[in-house]
Amino acid sequence: MPVRVLVVDDQTVVRAGFAAIVDAEPDLTVVGQAGDGAAAVTLAAELDPDVVLMDIRMPGLDGLSATRLLTATGDRPRVLVLTTFDLDEYVYEALRSGASGFLLKDAQAEDLLTAIRVIAAGESMLAPTVTRRLIQAFAAGAPTQTGDLSKLTPREREVLTLIAAGLTNAEIADRLMITIGTTKTHVNALLTKLGARDRVQATIIAYDLGLVRPRG
């Protein structure tokens with residue numbers, strides 16, 4: 001079945017553009033569009049999308065507040081935040097709010113489609129320029145995450161460190177000289193132990209609790 005997508009943006013032309021790009025793909029389908037956060041929450045409850053493309057700055061209920069509401073009850077829907085604002089505060093708060101990814105609106109169409117597929121599959125996606133800014137934000141802020149690193153085995157801590165460095169499962173497997181299957185087992189185990197919904201939240205925990213630190 002196609003991945004079900006809800007497009008949320010206060011600009012009609014932007015919404016239509018994203019919807020057209022998504023609907024042109026045989027494995028994706030737009031199930032609805034919303035112009036503000038409140039409408040997004042209502043439509044998500046009615047339409048049960050797999051992925052919500054979420055603008056941040058909107059009248060009324062903004063994208064961050066809507067994301068918190070959408071992700072508070074479980075694993076679906078997963079939220080991909082789209083914005084023109086490449087600012088630390090938005091990246092940081094979007095991911096804190098439960099978003100599984102962050103992409104700038106000027107990203108290429110193929111990058112948008114890839115991000116939707118990755119997030120629908122349960123992974124996370126950050127715009128290339130975002131990772132550095134995200135790490136800088138962690139360095140400036142006080143720890144607020146509630147993970148417990150003592151629950152992790154030495155190998156799981158090693159895997160978490162590599163996740164925070166942005167490595168994929170295949171790259172982690174190659175680095176540690178283990179199979180991809182074993183890597184996935186370690187990833188799933190550490191996510192469960194930390195109470196993290198995905199790799200983005202695991203990265204937040206790794207930085208907040210001091211397992212890894214920003215370079216420079």
# chains A, B, ... in the order shown; residues from 1 in each chain; ligands from 1
>>> residues_around(residues="Ala173 of chain A", least_positions_apart="3", cutoff="12 Å", atoms="only C-alpha atoms", output="VMD selection string")
chain A and resid 155 158 to 159 162 to 163 167 to 170 176 to 187
>>> write_last_selection(atoms="N, CA and C atoms", output="mmCIF file, in the first residue's frame")
data_model
loop_
_atom_site.group_PDB
_atom_site.id
_atom_site.type_symbol
_atom_site.label_atom_id
_atom_site.label_comp_id
_atom_site.auth_asym_id
_atom_site.auth_seq_id
_atom_site.Cartn_x
_atom_site.Cartn_y
_atom_site.Cartn_z
ATOM 1 N N ARG A 155 28.610 -2.452 24.034
ATOM 2 C CA ARG A 155 28.417 -2.451 22.582
ATOM 3 C C ARG A 155 27.287 -1.508 22.185
ATOM 4 N N GLU A 158 28.478 1.938 22.212
ATOM 5 C CA GLU A 158 29.316 2.169 21.039
ATOM 6 C C GLU A 158 28.455 2.452 19.814
ATOM 7 N N VAL A 159 27.395 1.660 19.660
ATOM 8 C CA VAL A 159 26.483 1.856 18.536
ATOM 9 C C VAL A 159 25.788 3.211 18.649
ATOM 10 N N LEU A 162 27.916 5.999 17.430
ATOM 11 C CA LEU A 162 27.995 6.056 15.967
ATOM 12 C C LEU A 162 26.702 6.577 15.358
ATOM 13 N N ILE A 163 25.568 6.250 15.970
ATOM 14 C CA ILE A 163 24.292 6.818 15.527
ATOM 15 C C ILE A 163 24.341 8.337 15.646
ATOM 16 N N LEU A 167 25.989 7.917 11.356
ATOM 17 C CA LEU A 167 26.245 6.731 10.536
ATOM 18 C C LEU A 167 24.975 5.909 10.341
ATOM 19 N N THR A 168 24.845 5.293 9.177
ATOM 20 C CA THR A 168 23.745 4.388 8.897
ATOM 21 C C THR A 168 24.037 3.016 9.513
ATOM 22 N N ASN A 169 23.052 2.146 9.492
ATOM 23 C CA ASN A 169 23.269 0.789 10.013
ATOM 24 C C ASN A 169 24.386 0.077 9.262
ATOM 25 N N ALA A 170 24.414 0.258 7.946
ATOM 26 C CA ALA A 170 25.448 -0.401 7.147
ATOM 27 C C ALA A 170 26.834 0.128 7.509
ATOM 28 N N LEU A 176 32.192 -1.558 12.980
ATOM 29 C CA LEU A 176 32.360 -2.468 14.118
ATOM 30 C C LEU A 176 32.644 -3.909 13.688
ATOM 31 N N MET A 177 32.629 -4.119 12.366
ATOM 32 C CA MET A 177 32.874 -5.460 11.811
ATOM 33 C C MET A 177 31.865 -6.479 12.340
ATOM 34 N N ILE A 178 30.594 -6.094 12.265
ATOM 35 C CA ILE A 178 29.496 -6.987 12.623
ATOM 36 C C ILE A 178 28.498 -6.972 11.464
ATOM 37 N N THR A 179 27.508 -7.849 11.505
ATOM 38 C CA THR A 179 26.527 -7.897 10.422
ATOM 39 C C THR A 179 25.504 -6.774 10.589
ATOM 40 N N ILE A 180 24.819 -6.458 9.497
ATOM 41 C CA ILE A 180 23.775 -5.440 9.561
ATOM 42 C C ILE A 180 22.645 -5.916 10.479
ATOM 43 N N GLY A 181 22.352 -7.211 10.434
ATOM 44 C CA GLY A 181 21.315 -7.758 11.298
ATOM 45 C C GLY A 181 21.641 -7.558 12.769
ATOM 46 N N THR A 182 22.894 -7.802 13.122
ATOM 47 C CA THR A 182 23.330 -7.593 14.499
ATOM 48 C C THR A 182 23.255 -6.116 14.867
ATOM 49 N N THR A 183 23.623 -5.271 13.931
ATOM 50 C CA THR A 183 23.536 -3.828 14.164
ATOM 51 C C THR A 183 22.107 -3.410 14.455
ATOM 52 N N LYS A 184 21.159 -3.893 13.644
ATOM 53 C CA LYS A 184 19.750 -3.559 13.853
ATOM 54 C C LYS A 184 19.276 -4.027 15.223
ATOM 55 N N THR A 185 19.745 -5.202 15.632
ATOM 56 C CA THR A 185 19.372 -5.715 16.959
ATOM 57 C C THR A 185 19.858 -4.778 18.053
ATOM 58 N N HIS A 186 21.108 -4.318 17.929
ATOM 59 C CA HIS A 186 21.660 -3.386 18.919
ATOM 60 C C HIS A 186 20.885 -2.060 18.913
ATOM 61 N N VAL A 187 20.568 -1.569 17.720
ATOM 62 C CA VAL A 187 19.845 -0.302 17.609
ATOM 63 C C VAL A 187 18.474 -0.414 18.267
#
>>> closest_residue(among="A:Ile21, A:Ala189, A:Ala164, A:Leu61", to="Leu112 of chain A", atoms="only C-alpha atoms")
A:Ile21
>>> residues_around(residues="Leu211 of chain A", least_positions_apart="6", cutoff="12 Å", atoms="only C-alpha atoms", output="PyMOL selection string")
chain A and resi 143+147-150+152+154+156-165+202-205
>>> atom_distance(atom1="atom CA of Gln33 of chain A", atom2="atom CA of Asp111 of chain A")
20.4 Å
>>> select_by_dssp(residues="segment 8-214 of chain A", states="alpha helix (DSSP H)", output="PyMOL selection string")
chain A and resi 12-23+37-47+63-71+88-96+109-120+128-140+154-164+169-176+180-194+199-208
>>> closest_residue(among="A:Gly17, A:Asp10, A:Glu93, A:Ala34", to="Arg57 of chain A", atoms="only C-alpha atoms")
A:Asp10
>>> atom_distance(atom1="atom CA of Val8 of chain A", atom2="atom CA of Asp36 of chain A")
6.6 Å
>>> residues_around(residues="Asp62 of chain A", least_positions_apart="5", cutoff="9 Å", atoms="only C-alpha atoms", output="list of chain:residue names")
A:Asp36, A:Gly37, A:Ala38, A:Asp55, A:Ile56, A:Arg57, A:Thr67
>>> write_last_selection(atoms="N, CA and C atoms", output="short mmCIF file (atom, residue, chain, number, x, y, z; two decimals), in the first residue's frame")
data_model
loop_
_atom_site.label_atom_id
_atom_site.label_comp_id
_atom_site.auth_asym_id
_atom_site.auth_seq_id
_atom_site.Cartn_x
_atom_site.Cartn_y
_atom_site.Cartn_z
N ASP A 36 -3.28 24.95 8.68
CA ASP A 36 -2.78 25.34 10.00
C ASP A 36 -2.68 24.11 10.89
N GLY A 37 -2.08 24.28 12.06
CA GLY A 37 -1.84 23.15 12.94
C GLY A 37 -3.09 22.50 13.47
N ALA A 38 -4.09 23.31 13.80
CA ALA A 38 -5.33 22.75 14.34
C ALA A 38 -6.02 21.86 13.31
N ASP A 55 4.72 22.39 8.17
CA ASP A 55 5.34 23.71 8.22
C ASP A 55 5.44 24.14 9.69
N ILE A 56 6.39 25.02 10.01
CA ILE A 56 6.54 25.47 11.40
C ILE A 56 5.72 26.72 11.68
N ARG A 57 5.95 27.76 10.89
CA ARG A 57 5.28 29.03 11.15
C ARG A 57 3.93 29.07 10.45
N THR A 67 2.89 19.28 16.09
CA THR A 67 3.74 18.09 16.10
C THR A 67 3.69 17.41 17.46
#
>>> residues_around(residues="Leu47 of chain A", least_positions_apart="2", cutoff="9 Å", atoms="only C-alpha atoms", output="PyMOL selection string")
chain A and resi 4+6+31-32+42-45+49
>>> write_last_selection(atoms="C-alpha atoms", output="compact mmCIF listing (two decimals), in the first residue's frame")
# COMPACT_ATOMS: atom_id res chain seq x y z
CA ARG A 4 -0.22 8.04 3.16
CA LEU A 6 -0.80 14.73 4.93
CA VAL A 31 -4.65 11.88 1.67
CA GLY A 32 -5.26 15.47 2.72
CA THR A 42 -8.12 17.14 13.14
CA LEU A 43 -7.38 15.72 9.70
CA ALA A 44 -4.71 13.37 11.02
CA ALA A 45 -7.26 11.84 13.38
CA PRO A 49 -1.63 9.38 7.54
>>> closest_residue(among="A:Val14, A:Ala120, A:Val200, A:Ile172", to="Arg76 of chain A", atoms="only C-alpha atoms")
A:Ala120
>>> residues_around(residues="Pro2 of chain A", least_positions_apart="4", cutoff="10 Å", atoms="only C-alpha atoms", output="number ranges by chain")
A: 25-30, 50
>>> write_last_selection(atoms="N, CA and C atoms", output="PDB file, in the first residue's frame")
ATOM      1  N   GLU A  25       4.273  10.114  -7.354  1.00  0.00           N
ATOM      2  CA  GLU A  25       5.003   8.886  -7.066  1.00  0.00           C
ATOM      3  C   GLU A  25       4.034   7.720  -6.830  1.00  0.00           C
ATOM      4  N   PRO A  26       4.261   6.578  -7.457  1.00  0.00           N
ATOM      5  CA  PRO A  26       3.324   5.454  -7.327  1.00  0.00           C
ATOM      6  C   PRO A  26       3.256   4.858  -5.919  1.00  0.00           C
ATOM      7  N   ASP A  27       4.307   5.046  -5.124  1.00  0.00           N
ATOM      8  CA  ASP A  27       4.308   4.452  -3.782  1.00  0.00           C
ATOM      9  C   ASP A  27       3.919   5.443  -2.690  1.00  0.00           C
ATOM     10  N   LEU A  28       3.509   6.663  -3.111  1.00  0.00           N
ATOM     11  CA  LEU A  28       3.089   7.688  -2.159  1.00  0.00           C
ATOM     12  C   LEU A  28       1.732   8.236  -2.574  1.00  0.00           C
ATOM     13  N   THR A  29       0.927   8.676  -1.601  1.00  0.00           N
ATOM     14  CA  THR A  29      -0.353   9.293  -1.927  1.00  0.00           C
ATOM     15  C   THR A  29      -0.695  10.365  -0.903  1.00  0.00           C
ATOM     16  N   VAL A  30      -1.175  11.501  -1.383  1.00  0.00           N
ATOM     17  CA  VAL A  30      -1.600  12.580  -0.492  1.00  0.00           C
ATOM     18  C   VAL A  30      -3.048  12.328  -0.087  1.00  0.00           C
ATOM     19  N   ASP A  50       0.462   8.191   7.328  1.00  0.00           N
ATOM     20  CA  ASP A  50       1.719   7.618   7.810  1.00  0.00           C
ATOM     21  C   ASP A  50       2.727   8.717   8.114  1.00  0.00           C
TER      22      ASP A  50
END
>>> closest_residue(among="A:Lys151, A:Asp48, A:Gly101, A:Ile116", to="Arg199 of chain A", atoms="only C-alpha atoms")
A:Gly101
>>> select_by_dssp(residues="segment 26-209 of chain A", states="strand (DSSP E)", output="list in words")
Leu28, Thr29, Val30, Val31, Gly32, Gln33, Ala34, Val51, Val52, Leu53, Met54, Asp55, Arg78, Val79, Leu80, Val81, Leu82, Thr83, Gly101, Phe102, Leu103, Leu104, Met125 and Leu126 of chain A
>>> write_last_selection(atoms="C-alpha atoms", output="compact mmCIF listing (two decimals), in the first residue's frame")
# COMPACT_ATOMS: atom_id res chain seq x y z
CA LEU A 28 3.09 7.69 -2.16
CA THR A 29 -0.35 9.29 -1.93
CA VAL A 30 -1.60 12.58 -0.49
CA VAL A 31 -4.65 11.88 1.67
CA GLY A 32 -5.26 15.47 2.72
CA GLN A 33 -4.04 19.05 3.06
CA ALA A 34 -4.28 21.49 5.94
CA VAL A 51 3.70 10.85 7.38
CA VAL A 52 2.79 14.50 7.96
CA LEU A 53 4.73 17.20 6.09
CA MET A 54 4.60 20.01 8.64
CA ASP A 55 5.34 23.71 8.22
CA ARG A 78 5.55 10.44 11.84
CA VAL A 79 6.29 14.10 11.21
CA LEU A 80 8.70 15.62 8.69
CA VAL A 81 9.14 19.33 9.43
CA LEU A 82 9.60 21.56 6.37
CA THR A 83 10.67 25.17 6.80
CA GLY A 101 13.01 14.69 10.47
CA PHE A 102 13.75 18.23 9.38
CA LEU A 103 14.13 19.42 5.80
CA LEU A 104 14.43 22.88 4.28
CA MET A 125 16.07 12.25 8.26
CA LEU A 126 17.91 15.53 8.83
>>> atom_distance(atom1="atom CA of Tyr207 of chain A", atom2="atom CA of Arg96 of chain A")
13.0 Å
>>> closest_residue(among="A:Gly210, A:Gly166, A:Gly195, A:Pro77", to="Val41 of chain A", atoms="only C-alpha atoms")
A:Pro77
>>> closest_residue(among="A:Leu95, A:Glu171, A:Arg197, A:Ala20", to="Gly122 of chain A", atoms="only C-alpha atoms")
A:Arg197
